[in-house]
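Trainee: The following block contains the structure, expressed as structure tokens.
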Amino acid sequence: MSTTLTPRREPPKAGPDVSPRRLTERVFRVRESGILAVLVVFVAATAAAAPRFLDAQNIKFVLINTTVFALLALGETMVVISRNVDLSVGSVLGLSAYLSASLFGQVHGISIPLVFLVGLGIGLACGVANGLMVSLGRVPSLVVTLATLYIIRGIDILIIGGNEVVAQSLPGAFLNIPQDTIGGIPDVAIAVAVVIGAGAYYLRSFRSGRELYAIGSNPDGARLAGIAVGKRVFTAFAVSGALAGIAGVLWAAQYQTIDSTAGTGYELQVVSAVVVGGVAIFGGSGSAVGAALGALLLETIISALYVLGISPFWDQSIAGFLLLLAISLDRAISVRLVTALRLRSSRSAS
Amino acid sequence: MEPAHDAVAPAEPDRPAEPRPAAQAPSPGHNAAAGPAVLSLQHAAKAFGAVQAMADGTIELRAGEAHALLGENGAGKSTLVKILAGVYQLDSGTLLIDGQPATLASPAAARDAGIAVIYQEPTLFPDLSVAENIFMGRQPLRAGRRIDGKVMRADAAGLFTGLGVTLDPGRVCRGLSIADQQIVEIGKALSLNARVIVMDEPTAALSAAEVARLFEVVATLRAGGAAVLFISHRLEEVFEICQRVTVMRDGRHVMTSELDGLTGDDLVRAMVGRDMPVRTDAERRAPGGQVLTVEHLTREGVFTDVSFNVRAGEIVALAGLVGSGRSEVARAIFGIDKYDAGTVKVTGRDLRRASPTDAMAAGIGFVPEDRRQQGLVMDMSVQQNMALASLRRLGRRGLISGGAERKFATDWSLRLRIKYGKLTDPVSRLSGGNQQKVVLGKWLGRQPTLLIVDEPTRGIDIGTKAEVHRLLGQLAGDGVAILMISSELPEVLQVGDRILVMREGRLAAEFGHAEATEERIIAAATGQREGLAR
């Protein structure tokens with residue numbers, strides 16, 4: 001006899017009366033507004049100690065430095081939301097930076113948009129390779145992209161050897177890309193902000209975007225719900241690669257000297273930015289805007305350390321500390337959220 | 001958009017009042033007076049390797065009815081559910097949907113055929129909103145193929161209004177009670193125009209108020225013309241909301257009938273109804289001294305004030321419903337789980353709490369309920385698995401001797417008559433019954449003074465079952481104290497010298513094997529009748 005007889009659970013006492021709709025919205029906004037608040041407080045505190053932190057030149061510098069990371073963070077967000085990770089972005093950026101910049105020396109008078117397209121193509125090819133192995137080969141993305149991190153860097157080193165592309169071989173118009181501003185804000189930063197806005201809107205408002213969240217939230221459930229899991233994950237990796245390719249061209253314009261170490265270690269900084277920006281490392285929640293803000297916060301901190309005269313040797317420790325802080329905060333918020341929602345649902349059930 | 005239950009296929013909402021003879025398999029001829037048969041499964045069979053999970057699965061669901069499916073554990077209910085869900089494919093038999101032969105090749109195919117399964121604990125997307133969970137992949141769109149969140153939430157709200165429940169479509173699913181998660185699944189079923197809604201033990205984890213709400217929802221679904229297949233072990237619930245019942249036993253259809261005119265006893269008899277040889281008195285010996293003494297064992301919210309003892313050479317069967325706390329008590333005795341109060345003594349020595357090491361040192365062997373997960377390392381060989389609990393004895397200075405291990409495994413496989421290809425084959429290749437014998441051998445190799453076996457014959461064929469029973473009897477004859485947890489009453493009656501019955505975390509009754517009957521045990525386990533409880 002197998003009759004199930006679980007003791008009936010009575011719902012716990014009702015919590016304070018909070019409109020559930022408002023509650024969830026509020027908590028969702030917390031993830032992004034929280035990091036925004038941290039950013040504002042941090043900037044204010046630094047500016048109070050060293051007013052030149054808010055110089056137009058310094059702001060421009062921080063924004064330009066952020067653009068590359070923000071682009072990488074957008075792609076990484078899509079991948080992480082689907083409960084995967086792309087560790088190859090730094091290597092992809094390096095390969096794209098060198099190959100696209102060296103085009104200026106090889107093909108005389110090549111147009112700048114074409115160079116960007118080439119960069120995009122290189123990144124896309126790498127992303128497609130990652131995506132195929134993860135979705136068709138069913139290999140965990142951590143392993144696949146760890147391997148491609150080394151493979152792509154290896155190819156990069158084989159091609160470049162001891163060479164480097166130097167500023168003299170690059171056209172002035174290309175080098176000026178990071179310098180042009182509108183109202184003190186770099187054009188590039190505006191363009192990247194638009195791209196991120198579009199990415200965030202896609203993730204929020206399109207079926208395929210929402211399906212990435214569903215996949216990350218419950219992969220088996222997603223399969224049962226008839227979502228083309230492999231296809232979606234593949235696309236996320238392809239986009240992440242393509243964005244890393246474009247970021248590589250931007251990187252070349254910004255740093256002007258490209259050797260085989262370009263972008264080394266960026267993957268971990270990007271993952272940090274994404275997590276600091278409120279994207280859950282095990283997928284299912286977070287936004288591209290939050291991730292971009294995470295990238296901005298990391299860059300701001302690095303710049304602040306410089307302005308405050310703190311040794312740059314502290315950069316990495318502080319980035320790590322911030323990461324821990326973000327994860328603890330995220331954990332605390334989600335625990336609270338679950339408790340609040342449980343109270344709420346037990347009330348509506350009775 | 002209209003609340004979707006309006007969109008469910010139109011059907012006769014009235015259910016047939018005509019009484020039908022009991023113990024009759026459904027056949028097309030009987031449909032005349034009822035709503036049309038939406039789904040009909042006939043003589044379905046399904047085997048997994050050597051285990052015949054279902055030999056004759058027959059059920060017919062009519063539009064607008066709530067149909068109960070009853071049976072003991074292992075009767076084939078979950079196999080039937082998985083067939084309807086498109087998870088398992090039939091080996092033989094026919095499935096008719098709206099009178100047309102159909103195959104459900106995948107969960108998606110089942111969904112497209114209008115079948116929705118609501119599991120005891122639904123699996124939703126915890127990070128997404130209630131409305132998105134319902135409409136994932138089918139979200140309403142506006143210009144530019146963008147999701148129209150407003151319409152989506154309104155549609156979901158419409159579904160809930162139609163069901164007569166309040167649930168905020170905009171909130172995330174994380175933190176929803178199981179009852180609310182089920183409502184989300186039911187909403188999804190409605191939005192998909194499901195005409196057959198299978199509920200697999202939906203009330204097992206619900207509070208009384210939540211059950212009442214679920215029953216109202218079921219009534220609404222029926223009024224909308226859907227057929228509800230309701231699986232529950234609570235007979236009173238079945239009588240409350242169902243019109244017809246199908247009983248299964250040992251993978252076979254036993255009866256289908258109107259519930260009107262039937263009693264709970266009728267159903268229990270149909271579910272049990274089988275004879276097995278009882279262990280003869282000659283085999284039972286006078287038990288020796290107390291080996292296990294459990295006093296006032298309590299774990300908050302799980303079991304309360306459990307006291308009993310097991311003597312040498314005695315088999316004590318611990319019966320009761322799934323969830324009554326039987327396995328939890330066993331786990332606490334063996335030290336897997338903590339307990340809040342009480343003592344456990346083995347041959348007079350107090351055991352430390354939550355220390356399996358101490359329990360093993362005291363001579364307890366534990367054969368867990370789930371042999372695949374807890375009893376065996378599936379990728380390791382037969383030989384390695386058997387030696388696992390005796391490594392210290394088989395090794396010298398920390399190195400395990402392959403020869404000793406092989407000899408140990410050979411000896412025990414002979415004694416237990418384990419059938420295997422090679423001792424080095426992974427244990428996953430063995431049949432369920434032989435796997436169980438490997439687990440038994442693993443513990444017997446330690447020569448335990450007390451053996452705890454949890455569901456020793458679950459999912460193994462009848463022949464091996466008898467062998468396991470014989471083995472337990474032999475061990476008791478050798479003076480081992482045995483505590484056996486079992487959901488199968490025939491097994492409890494056949495093997496147990498003394499029978500303890502648990503209900504809702506407490507010991508509800510104790511019977512000597514002479515006075516125990518299935519009816520008395522069920523009564524004590526469910527608390528249905530007075531007079532038997534201690």
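How things are named: the first chain in the structure tokens is A, the next is B, and so on; residues count from 1 in each chain; ligands count from 1 in the order shown.
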Write down, as a PDB file with N, CA and C atoms, in the first residue's frame, each residue of chain B that has any atom within 8 Å of an atom of chain A, counting only C-alpha atoms.
Mentor:
ATOM      1  N   GLU B  72      -1.387   0.255  -6.012  1.00  0.00           N
ATOM      2  CA  GLU B  72      -0.283   0.293  -5.066  1.00  0.00           C
ATOM      3  C   GLU B  72       0.948   0.861  -5.759  1.00  0.00           C
ATOM      4  N   ASN B  73       2.002   1.082  -4.979  1.00  0.00           N
ATOM      5  CA  ASN B  73       3.291   1.402  -5.590  1.00  0.00           C
ATOM      6  C   ASN B  73       3.675   0.260  -6.511  1.00  0.00           C
ATOM      7  N   PRO B 107       7.274  14.602 -25.518  1.00  0.00           N
ATOM      8  CA  PRO B 107       6.419  15.470 -24.707  1.00  0.00           C
ATOM      9  C   PRO B 107       5.719  16.530 -25.559  1.00  0.00           C
ATOM     10  N   ALA B 108       6.416  17.022 -26.586  1.00  0.00           N
ATOM     11  CA  ALA B 108       5.800  18.037 -27.439  1.00  0.00           C
ATOM     12  C   ALA B 108       4.607  17.448 -28.190  1.00  0.00           C
ATOM     13  N   THR B 123       7.887  21.772 -12.622  1.00  0.00           N
ATOM     14  CA  THR B 123       9.175  22.406 -12.871  1.00  0.00           C
ATOM     15  C   THR B 123       8.955  23.619 -13.756  1.00  0.00           C
ATOM     16  N   LEU B 124       8.986  24.769 -13.138  1.00  0.00           N
ATOM     17  CA  LEU B 124       8.769  26.010 -13.878  1.00  0.00           C
ATOM     18  C   LEU B 124      10.118  26.692 -14.104  1.00  0.00           C
ATOM     19  N   PHE B 125      10.062  27.845 -14.783  1.00  0.00           N
ATOM     20  CA  PHE B 125      11.256  28.688 -14.895  1.00  0.00           C
ATOM     21  C   PHE B 125      11.228  29.641 -13.706  1.00  0.00           C
ATOM     22  N   PRO B 126      12.029  29.391 -12.675  1.00  0.00           N
ATOM     23  CA  PRO B 126      11.877  30.166 -11.448  1.00  0.00           C
ATOM     24  C   PRO B 126      12.162  31.655 -11.622  1.00  0.00           C
ATOM     25  N   ASP B 127      13.009  32.007 -12.586  1.00  0.00           N
ATOM     26  CA  ASP B 127      13.387  33.417 -12.720  1.00  0.00           C
ATOM     27  C   ASP B 127      12.407  34.215 -13.564  1.00  0.00           C
ATOM     28  N   LEU B 128      11.497  33.533 -14.226  1.00  0.00           N
ATOM     29  CA  LEU B 128      10.582  34.248 -15.124  1.00  0.00           C
ATOM     30  C   LEU B 128       9.230  34.447 -14.452  1.00  0.00           C
ATOM     31  N   MET B 136       5.457  30.768 -22.493  1.00  0.00           N
ATOM     32  CA  MET B 136       6.796  30.660 -23.057  1.00  0.00           C
ATOM     33  C   MET B 136       6.760  30.043 -24.452  1.00  0.00           C
ATOM     34  N   GLY B 137       7.381  30.743 -25.400  1.00  0.00           N
ATOM     35  CA  GLY B 137       7.393  30.263 -26.786  1.00  0.00           C
ATOM     36  C   GLY B 137       6.124  30.611 -27.544  1.00  0.00           C
ATOM     37  N   ARG B 138       5.088  31.096 -26.829  1.00  0.00           N
ATOM     38  CA  ARG B 138       3.834  31.441 -27.502  1.00  0.00           C
ATOM     39  C   ARG B 138       3.350  32.803 -27.039  1.00  0.00           C
ATOM     40  N   GLN B 139       4.289  33.646 -26.587  1.00  0.00           N
ATOM     41  CA  GLN B 139       3.885  34.934 -26.044  1.00  0.00           C
ATOM     42  C   GLN B 139       3.121  35.753 -27.085  1.00  0.00           C
ATOM     43  N   ARG B 145       7.089  41.948 -34.052  1.00  0.00           N
ATOM     44  CA  ARG B 145       7.306  40.667 -33.381  1.00  0.00           C
ATOM     45  C   ARG B 145       7.839  40.831 -31.957  1.00  0.00           C
ATOM     46  N   ARG B 146       7.475  41.954 -31.355  1.00  0.00           N
ATOM     47  CA  ARG B 146       7.880  42.146 -29.970  1.00  0.00           C
ATOM     48  C   ARG B 146       6.811  41.546 -29.058  1.00  0.00           C
ATOM     49  N   ILE B 147       7.238  41.079 -27.885  1.00  0.00           N
ATOM     50  CA  ILE B 147       6.286  40.502 -26.937  1.00  0.00           C
ATOM     51  C   ILE B 147       5.410  41.608 -26.369  1.00  0.00           C
ATOM     52  N   ASP B 148       4.120  41.350 -26.354  1.00  0.00           N
ATOM     53  CA  ASP B 148       3.206  42.315 -25.753  1.00  0.00           C
ATOM     54  C   ASP B 148       2.950  41.903 -24.311  1.00  0.00           C
ATOM     55  N   THR B 166      -6.761  33.597  -7.524  1.00  0.00           N
ATOM     56  CA  THR B 166      -6.032  34.854  -7.642  1.00  0.00           C
ATOM     57  C   THR B 166      -4.548  34.547  -7.611  1.00  0.00           C
ATOM     58  N   LEU B 167      -3.872  34.998  -8.652  1.00  0.00           N
ATOM     59  CA  LEU B 167      -2.431  34.800  -8.739  1.00  0.00           C
ATOM     60  C   LEU B 167      -1.926  35.945  -9.604  1.00  0.00           C
ATOM     61  N   ASP B 168      -0.889  36.617  -9.138  1.00  0.00           N
ATOM     62  CA  ASP B 168      -0.382  37.768  -9.872  1.00  0.00           C
ATOM     63  C   ASP B 168       0.449  37.307 -11.064  1.00  0.00           C
ATOM     64  N   GLY B 170       2.306  38.889 -12.992  1.00  0.00           N
ATOM     65  CA  GLY B 170       3.554  39.607 -13.226  1.00  0.00           C
ATOM     66  C   GLY B 170       4.689  39.199 -12.308  1.00  0.00           C
ATOM     67  N   ARG B 171       4.393  38.431 -11.267  1.00  0.00           N
ATOM     68  CA  ARG B 171       5.460  38.102 -10.320  1.00  0.00           C
ATOM     69  C   ARG B 171       6.307  36.930 -10.838  1.00  0.00           C
ATOM     70  N   VAL B 172       7.528  36.842 -10.321  1.00  0.00           N
ATOM     71  CA  VAL B 172       8.375  35.723 -10.746  1.00  0.00           C
ATOM     72  C   VAL B 172       7.920  34.468 -10.029  1.00  0.00           C
ATOM     73  N   ARG B 174       9.790  32.088  -8.733  1.00  0.00           N
ATOM     74  CA  ARG B 174      10.588  31.695  -7.570  1.00  0.00           C
ATOM     75  C   ARG B 174       9.806  32.051  -6.311  1.00  0.00           C
ATOM     76  N   GLY B 175       9.686  31.108  -5.403  1.00  0.00           N
ATOM     77  CA  GLY B 175       9.000  31.392  -4.152  1.00  0.00           C
ATOM     78  C   GLY B 175       7.522  31.059  -4.169  1.00  0.00           C
ATOM     79  N   LEU B 176       6.982  30.668  -5.310  1.00  0.00           N
ATOM     80  CA  LEU B 176       5.573  30.263  -5.343  1.00  0.00           C
ATOM     81  C   LEU B 176       5.404  28.973  -4.549  1.00  0.00           C
ATOM     82  N   SER B 177       4.292  28.853  -3.851  1.00  0.00           N
ATOM     83  CA  SER B 177       4.007  27.589  -3.172  1.00  0.00           C
ATOM     84  C   SER B 177       3.751  26.520  -4.226  1.00  0.00           C
ATOM     85  N   ALA B 179       1.294  24.625  -4.505  1.00  0.00           N
ATOM     86  CA  ALA B 179      -0.094  24.743  -4.971  1.00  0.00           C
ATOM     87  C   ALA B 179      -0.189  25.787  -6.086  1.00  0.00           C
ATOM     88  N   ASP B 180       0.469  26.922  -5.883  1.00  0.00           N
ATOM     89  CA  ASP B 180       0.424  27.965  -6.909  1.00  0.00           C
ATOM     90  C   ASP B 180       1.170  27.537  -8.163  1.00  0.00           C
ATOM     91  N   ALA B 204      -0.486  15.795  -2.716  1.00  0.00           N
ATOM     92  CA  ALA B 204       0.421  15.233  -1.715  1.00  0.00           C
ATOM     93  C   ALA B 204       1.084  16.305  -0.851  1.00  0.00           C
ATOM     94  N   ALA B 205       1.379  17.446  -1.439  1.00  0.00           N
ATOM     95  CA  ALA B 205       2.113  18.455  -0.669  1.00  0.00           C
ATOM     96  C   ALA B 205       1.285  19.706  -0.402  1.00  0.00           C
ATOM     97  N   LEU B 206      -0.025  19.593  -0.492  1.00  0.00           N
ATOM     98  CA  LEU B 206      -0.850  20.786  -0.330  1.00  0.00           C
ATOM     99  C   LEU B 206      -1.491  20.862   1.053  1.00  0.00           C
ATOM    100  N   SER B 207      -1.776  22.079   1.488  1.00  0.00           N
ATOM    101  CA  SER B 207      -2.526  22.265   2.717  1.00  0.00           C
ATOM    102  C   SER B 207      -4.006  22.056   2.424  1.00  0.00           C
ATOM    103  N   ALA B 208      -4.793  21.932   3.463  1.00  0.00           N
ATOM    104  CA  ALA B 208      -6.219  21.655   3.284  1.00  0.00           C
ATOM    105  C   ALA B 208      -6.893  22.724   2.424  1.00  0.00           C
ATOM    106  N   ALA B 209      -6.558  23.993   2.693  1.00  0.00           N
ATOM    107  CA  ALA B 209      -7.182  25.073   1.933  1.00  0.00           C
ATOM    108  C   ALA B 209      -6.773  24.995   0.466  1.00  0.00           C
ATOM    109  N   GLU B 210      -5.501  24.621   0.248  1.00  0.00           N
ATOM    110  CA  GLU B 210      -5.017  24.530  -1.127  1.00  0.00           C
ATOM    111  C   GLU B 210      -5.688  23.383  -1.873  1.00  0.00           C
ATOM    112  N   SER B 232      -4.349   9.809  -6.896  1.00  0.00           N
ATOM    113  CA  SER B 232      -4.180  10.168  -5.499  1.00  0.00           C
ATOM    114  C   SER B 232      -4.242   8.896  -4.687  1.00  0.00           C
ATOM    115  N   HIS B 233      -3.586   8.930  -3.532  1.00  0.00           N
ATOM    116  CA  HIS B 233      -3.697   7.781  -2.647  1.00  0.00           C
ATOM    117  C   HIS B 233      -4.715   8.038  -1.568  1.00  0.00           C
ATOM    118  N   ARG B 234      -5.288   9.219  -1.596  1.00  0.00           N
ATOM    119  CA  ARG B 234      -6.260   9.545  -0.560  1.00  0.00           C
ATOM    120  C   ARG B 234      -7.647   9.220  -1.079  1.00  0.00           C
ATOM    121  N   VAL B 272      -5.285  -4.400  -3.735  1.00  0.00           N
ATOM    122  CA  VAL B 272      -4.402  -5.363  -3.068  1.00  0.00           C
ATOM    123  C   VAL B 272      -4.526  -6.739  -3.689  1.00  0.00           C
ATOM    124  N   GLY B 320       3.393   1.571   6.640  1.00  0.00           N
ATOM    125  CA  GLY B 320       2.846   2.924   6.693  1.00  0.00           C
ATOM    126  C   GLY B 320       2.884   3.515   5.313  1.00  0.00           C
ATOM    127  N   LEU B 321       2.245   4.666   5.181  1.00  0.00           N
ATOM    128  CA  LEU B 321       2.155   5.272   3.869  1.00  0.00           C
ATOM    129  C   LEU B 321       3.454   5.974   3.533  1.00  0.00           C
ATOM    130  N   VAL B 322       3.695   6.167   2.259  1.00  0.00           N
ATOM    131  CA  VAL B 322       4.840   6.963   1.842  1.00  0.00           C
ATOM    132  C   VAL B 322       4.683   8.340   2.478  1.00  0.00           C
ATOM    133  N   GLY B 323       5.737   8.833   3.111  1.00  0.00           N
ATOM    134  CA  GLY B 323       5.642  10.137   3.738  1.00  0.00           C
ATOM    135  C   GLY B 323       5.229  10.063   5.197  1.00  0.00           C
ATOM    136  N   SER B 324       5.019   8.849   5.731  1.00  0.00           N
ATOM    137  CA  SER B 324       4.612   8.751   7.131  1.00  0.00           C
ATOM    138  C   SER B 324       5.816   8.804   8.058  1.00  0.00           C
ATOM    139  N   SER B 487       6.508  -0.770   1.548  1.00  0.00           N
ATOM    140  CA  SER B 487       5.192  -0.244   1.199  1.00  0.00           C
ATOM    141  C   SER B 487       4.290  -1.346   0.692  1.00  0.00           C
ATOM    142  N   GLU B 488       4.857  -2.533   0.496  1.00  0.00           N
ATOM    143  CA  GLU B 488       4.051  -3.602  -0.061  1.00  0.00           C
ATOM    144  C   GLU B 488       3.514  -4.480   1.052  1.00  0.00           C
ATOM    145  N   LEU B 489       2.218  -4.426   1.237  1.00  0.00           N
ATOM    146  CA  LEU B 489       1.617  -5.129   2.357  1.00  0.00           C
ATOM    147  C   LEU B 489       1.829  -6.634   2.293  1.00  0.00           C
ATOM    148  N   ARG B 503       1.970   6.395  11.143  1.00  0.00           N
ATOM    149  CA  ARG B 503       1.068   7.340  10.489  1.00  0.00           C
ATOM    150  C   ARG B 503       1.458   8.746  10.907  1.00  0.00           C
ATOM    151  N   GLU B 504       1.680   9.573   9.926  1.00  0.00           N
ATOM    152  CA  GLU B 504       1.995  10.985  10.165  1.00  0.00           C
ATOM    153  C   GLU B 504       3.063  11.158  11.224  1.00  0.00           C
ATOM    154  N   ILE B 522      -3.818  -1.246   6.777  1.00  0.00           N
ATOM    155  CA  ILE B 522      -4.252  -0.058   6.033  1.00  0.00           C
ATOM    156  C   ILE B 522      -5.061   0.856   6.926  1.00  0.00           C
ATOM    157  N   THR B 526      -3.893   4.661   7.620  1.00  0.00           N
ATOM    158  CA  THR B 526      -4.662   5.793   7.117  1.00  0.00           C
ATOM    159  C   THR B 526      -5.519   6.414   8.204  1.00  0.00           C
TER     160      THR B 526
END
Trainee: Which polymer residues have any atom within 6 Å of an atom of stretch 216-229 of chain B, counting only C-alpha atoms, with same-chain residues fewer than 6 positions away left out, as a list in words?
Mentor: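 Listing them by chain and then by number gives His5, Ala11, Pro13, Arg62, Ala63, Gly64, Glu65, Ala66, His67, Ala68, Leu163, Arg195, Val196, Ile197 and Val198 of chain B.
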Trainee: For the selection you just gave me, I'd like the residues written to a file as a compact mmCIF listing (two decimals), in the first residue's frame, keeping C-alpha atoms.
Mentor:
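Produced file result-v2.txt, reproduced below:
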# COMPACT_ATOMS: atom_id res chain seq x y z
CA HIS B 5 -11.06 27.30 -20.76
CA ALA B 11 -18.26 18.61 -24.86
CA PRO B 13 -20.65 18.86 -19.37
CA ARG B 62 -14.32 10.97 -21.23
CA ALA B 63 -14.87 14.64 -21.75
CA GLY B 64 -16.07 16.34 -18.61
CA GLU B 65 -15.18 13.61 -16.15
CA ALA B 66 -12.70 13.40 -13.33
CA HIS B 67 -11.33 9.90 -13.47
CA ALA B 68 -9.35 8.40 -10.59
CA LEU B 163 -10.23 29.13 -12.83
CA ARG B 195 -8.50 18.36 -23.22
CA VAL B 196 -6.86 15.73 -21.05
CA ILE B 197 -5.29 16.96 -17.86
CA VAL B 198 -3.33 14.39 -15.88
Trainee: What's the 6 Å shell around stretch 150-161 of chain A, counting only C-alpha atoms, without same-chain residues fewer than 5 positions away, as a list in words?
Mentor: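 Counting only C-alpha atoms, the residues come to Ser91, Leu95 and Ser260 of chain A.
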Trainee: In Å, how far is it from atom CA of B:Phe303 to atom CA of B:Gly325?
Mentor: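 Spanning atom CA of B:Phe303 to atom CA of B:Gly325 is a straight-line distance of 5.8 Å.
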Trainee: Might you pull out every residue within 10 Å of B:Leu440, with only C-alpha atoms counted and same-chain residues fewer than 5 positions away left off, and present them as a VMD selection string?
Mentor: chain B and resid 365 to 368 375 386 412 416 434 to 435 445 451 453 456 468 471 to 472
Trainee: Keeping only C-alpha atoms, take the residues you just selected and write them out as a PDB file, in the first residue's frame.
Mentor:
ATOM      1  CA  GLY B 365      24.032  -2.438   7.853  1.00  0.00           C
ATOM      2  CA  PHE B 366      21.781  -0.158   5.828  1.00  0.00           C
ATOM      3  CA  VAL B 367      20.270  -1.039   2.466  1.00  0.00           C
ATOM      4  CA  PRO B 368      18.721   2.217   1.292  1.00  0.00           C
ATOM      5  CA  GLY B 375      23.152   1.990  -2.570  1.00  0.00           C
ATOM      6  CA  MET B 386      30.355  -5.470  -3.135  1.00  0.00           C
ATOM      7  CA  TRP B 412      28.870 -13.549  -1.767  1.00  0.00           C
ATOM      8  CA  LEU B 416      23.149 -14.728  -2.887  1.00  0.00           C
ATOM      9  CA  ASN B 434      20.566  -8.558  -8.951  1.00  0.00           C
ATOM     10  CA  GLN B 435      21.619  -4.998  -8.207  1.00  0.00           C
ATOM     11  CA  GLY B 445      29.951  -9.012   4.053  1.00  0.00           C
ATOM     12  CA  LEU B 451      20.315  -4.948   9.077  1.00  0.00           C
ATOM     13  CA  VAL B 453      16.450  -2.676   4.629  1.00  0.00           C
ATOM     14  CA  PRO B 456      14.157  -4.242  -0.349  1.00  0.00           C
ATOM     15  CA  VAL B 468      15.252 -11.731  -1.280  1.00  0.00           C
ATOM     16  CA  LEU B 471      17.401 -14.511   2.216  1.00  0.00           C
ATOM     17  CA  LEU B 472      16.007 -12.187   4.870  1.00  0.00           C
TER      18      LEU B 472
END
Trainee: Have a look at A:Ile327, A:Ala247, A:Ala37, A:Cys126 and name the one nearest to A:Gly278; count only C-alpha atoms.
Mentor: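 The closest residue to A:Gly278 is A:Ile327.
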Trainee: To one decimal place, how far is atom CA of B:Ala55 from atom CA of B:Met248 in Å?
Mentor: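 Interatomic distance here is 10.4 Å.
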